[in-house]
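S.K.: Once you've had a glance at the structure underneath, I'll fire off some questions.
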Amino acid sequence: MERLTEFGWRLLPFLTVIVVWYLVRWSGLVDQGLLPPPHLVFLDIWQRSTDGTFLIDIWMSVRRVLLGLLFGMLLAVPVGFLIGWDRRIRRFIDPLINFFRALPPIALIPLAIVYLGIGEVAKVAILFYAAFFAGVIVMYEGMSQTNPLFIRVARTLGATDWEVFSKVIVPLTLPHVLTATRVALGVAWATLVASELVAAQNGIGAVIQNASAFFNLTTIYAGIIAIGFFALMMDTILRWASRRFLDWQEREAQ
Amino acid sequence: MNGEGSLASGASGAGGLHAERSDIKVRFNNVSMHYGDVEVVRDVSFDIAEGEFVSLVGPSGCGKTTMMNMLAGFVRPTSGDVLLEGVPVSGPGPDRGVMFQEYGVFPWLTVEKNIRFGLDLAIKRHVSRTERQAITEKYMRLMRLGDFRDAWPKNLSGGMRQRLALARAYAANPHFLLMDEPFGALDAQTRSDMHELLHQILQAERKTALLITHSVEEAIYLSSRVLVISARPSRIVERIDIPFGFPRDKSLLDSGEFIALRSHLREQVMKQYAEQQALR
Ligand SMILES: Nc1ncnc2c1ncn2[C@@H]1O[C@H](COP(=O)(O)OP(=O)(O)OP(=O)(O)O)[C@@H](O)[C@H]1O
Ligand SMILES: [Mg+2]
């Protein structure tokens with residue numbers, strides 16, 4: 001019963017948005033042709049899903065996001081760790097990171113096509129780029145706030161360098177890794193449509209672009225909702241993981 | 001330099017209760033410390049012999065923690081030497097257990113695992129698993145944390161965190177105990193119990209201890225020697241050998257001699273507090 005109520009509360013904001021959506025449509029504030037009603041959008045999602053092509057598009061997009069995120073974080077964790085740790089390394093790398101981070105990933109698409117072609121590699125590379133720079137910043141800002149007191153305590157208890165690393169630094173790093181992954185995931189989803197501009201054959205981004213060529217607003221909305229849905233699902237999983245594994249934290253990682 | 005009054009030299013000559021000067025473990029040799037332009041410690045010299053219990057009392061912000069940090073090996077003096085068994089301290093080590101003013105309880109470990117942290121390190125590999133567990137249980141019980149063994153530190157009160165930090169430091173069984181205001185967050189009764197416990201531990205294992213405290217009574221009751229530290233920059237303005245032998249018990253607190261010593265020391269400390277106030 002309690003679970004059901006909890007689930008209801010989760011759903012309520014979305015139901016509200018749908019109601020407002022209908023209201024805006026009926027109020028006549030927006031030309032009805034420019035705002036398809038929600039039920040048509042969901043019908044579109046249903047039809048596309050049952051004929052199978054949409055599921056393939058979703059799978060392609062999810063796979064790109066996950067691969068970009070995986071490679072991005074595999075690099076962001078050690079790099080963020082190092083520059084958060086060592087002031088000299090930070091002095092050297094910080095300006096570079098800020099420069100590359102300021103570049104919108106979409107600006108790199110021409111370069112990605114030149115060097116990596118128009119296949120999966122180019123698309124994943126763009127997502128990797130976005131995920132890495134988002135993740136690395138969160139990582140090293142978290143790391144640079146690490147309280148040196150805990151390392152001192154471990155030292156006075158006789159910890160070796162390896163023990164300080166494995167028993168103090170790793171547990172202190174874990175929350176930042178999770179936060180960085182969540183931020184990077186959000187950025188990867190945000191970059192997805194742009195990355196699929198590279199010879200859009202499939203993927204949710206491709207569906208949206210093709211639909212926009214035919215001014216098919218219903219499908220554009222369907223694609224947007226699909227992206228939002230899967231982004232939210234993945235974020236929910238990560239949030240659950242934070243709660244589960246970082247129970248000890250003073251403030252719950254939101 | 002007039003601060004080093006006549007009582008200081010007189011007292012250290014008379015006491016004779018502390019261990020022989022031949023087994024000096026720690027020596028502060030004309031130690032000075034600057035943080036940038038701020039002079040925190042000025043030309044401090046004192047010795048701690050094997051088995052001695054030395055307390056530092058002095059106003060907040062005068063540099064007591066800094067002095068302890070030099071012995072713990074976290075900072076180096078700007079000039080002078082801190083010698084540990086004749087060798088300059090080069091870094092922290094498990095021979096010197098530290099109980100930090102900010103506790104430093106590991107938030108990602110439960111109460112039990114915090115206490116066991118030092119015992120699970122490679123240096124304690126020679127201790128059997130059952131013995132390690134027994135030590136953990138012992139200090140968990142002595143610090144009255146048994147009901148909270150699986151609790152996260154975030155759910156403990158300030159006093160409980162302090163006891164947890166003490167348990168962890170004691171459990172690792174270092175030869176030196178460096179304690180920075182270890183009982184500050186405890187109620188009077190618990191504090192008194194902790195004094196007895198510390199007495200027992202020190203008696204049983206003949207450890208050497210350095211204690212920082214703001215309580216003159218606590219300093220006298222626990223120590224073989226009390227050093228009064230001046231307002232910043234830290235100098236030693238008075239060294240008092242405590243003329244009571246060990247073991248001690250609470251009846252000492254009511255003795256005339258104890259009370260006289262306490263009021264004398266309190267007066268000295270008050271003077272320094274006033275000076276530190278003026279400094280701000
Ligand atoms: N790392 C540091 N960098 C700069 N200044 C410092 C540093 N550590 C301590 N100080 C300064 O040195 C002075 C003495 O600090 P310390 O912590 O030793 O005082 P304390 O006697 O332990 O005080 P309290 O009784 O409040 O704990 C303070 O004025 C403090 O601001
Ligand atoms: Mg202090």
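Residue numbering restarts at 1 in every chain; chains get A, B, ... in the order shown in the structure tokens, and ligands count up from 1 in that same order.
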Which residues are close to Met67 in chain B, i.e. within 8 Å by only C-alpha atoms, leaving aside same-chain residues fewer than 4 positions away? Reply as a PyMOL selection string.
M.R.: chain B and resi 41+63+71
S.K.: At a cut-off of 8 Å and counting only C-alpha atoms and all ligand atoms, what residues surround ligand 2? Please answer as a list in words.
M.R.: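 Protein and nucleic-acid residues within 8 Å of ligand 2: Ser60, Gly61, Gly63, Lys64, Thr65, Thr66, Gln101, Asp180, Glu181 and Ile212 of chain B.
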S.K.: What gap, in Å, lies between CA of Tyr22 in chain A and CA of Leu217 in chain A?
M.R.: 15.5 Å
S.K.: Could you give me, as a PyMOL selection string, the residues within 12 Å of Leu149 in chain A, counting only C-alpha atoms and dropping anything in the same chain fewer than 5 positions from it?
M.R.: (chain A and resi 154-156+164+168-169+172) or (chain B and resi 69+74+98-107)
S.K.: Please determine, counting only C-alpha atoms, which residue among B:Ala171, B:Met33, B:Pro77, B:Pro247 has the shortest atom-to-atom distance to Asp120 in chain B.
M.R.: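 Using only C-alpha atoms, Asp120 in chain B sits closest to B:Ala171.
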S.K.: Compute the chain A side of the contact with chain B at 10 Å, counting only C-alpha atoms, and hand it back as a list of chain:residue names.
M.R.: A:Asn147, A:Pro148, A:Leu149, A:Phe150, A:Ile151, A:Arg152, A:Val153, A:Ala154, A:Arg155, A:Thr156, A:Leu157, A:Gly158, A:Ala159, A:Thr160, A:Glu163, A:Val164, A:Lys167, A:Val168, A:Pro171, A:Leu172, A:Phe245, A:Leu246, A:Asp247, A:Trp248, A:Gln249, A:Glu250, A:Arg251
S.K.: Out of B:Met143, B:Ser263, B:Val82, B:Gln276, which residue has the shortest atom-to-atom distance to ligand 1 when counting only C-alpha atoms and all ligand atoms?
M.R.: B:Gln276
S.K.: Tell me which of B:Arg76, B:Lys250, B:Arg27, B:His199 sits closest to ligand 1, counting only C-alpha atoms and all ligand atoms.
M.R.: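 For ligand 1, the nearest of the given residues is B:Arg76.
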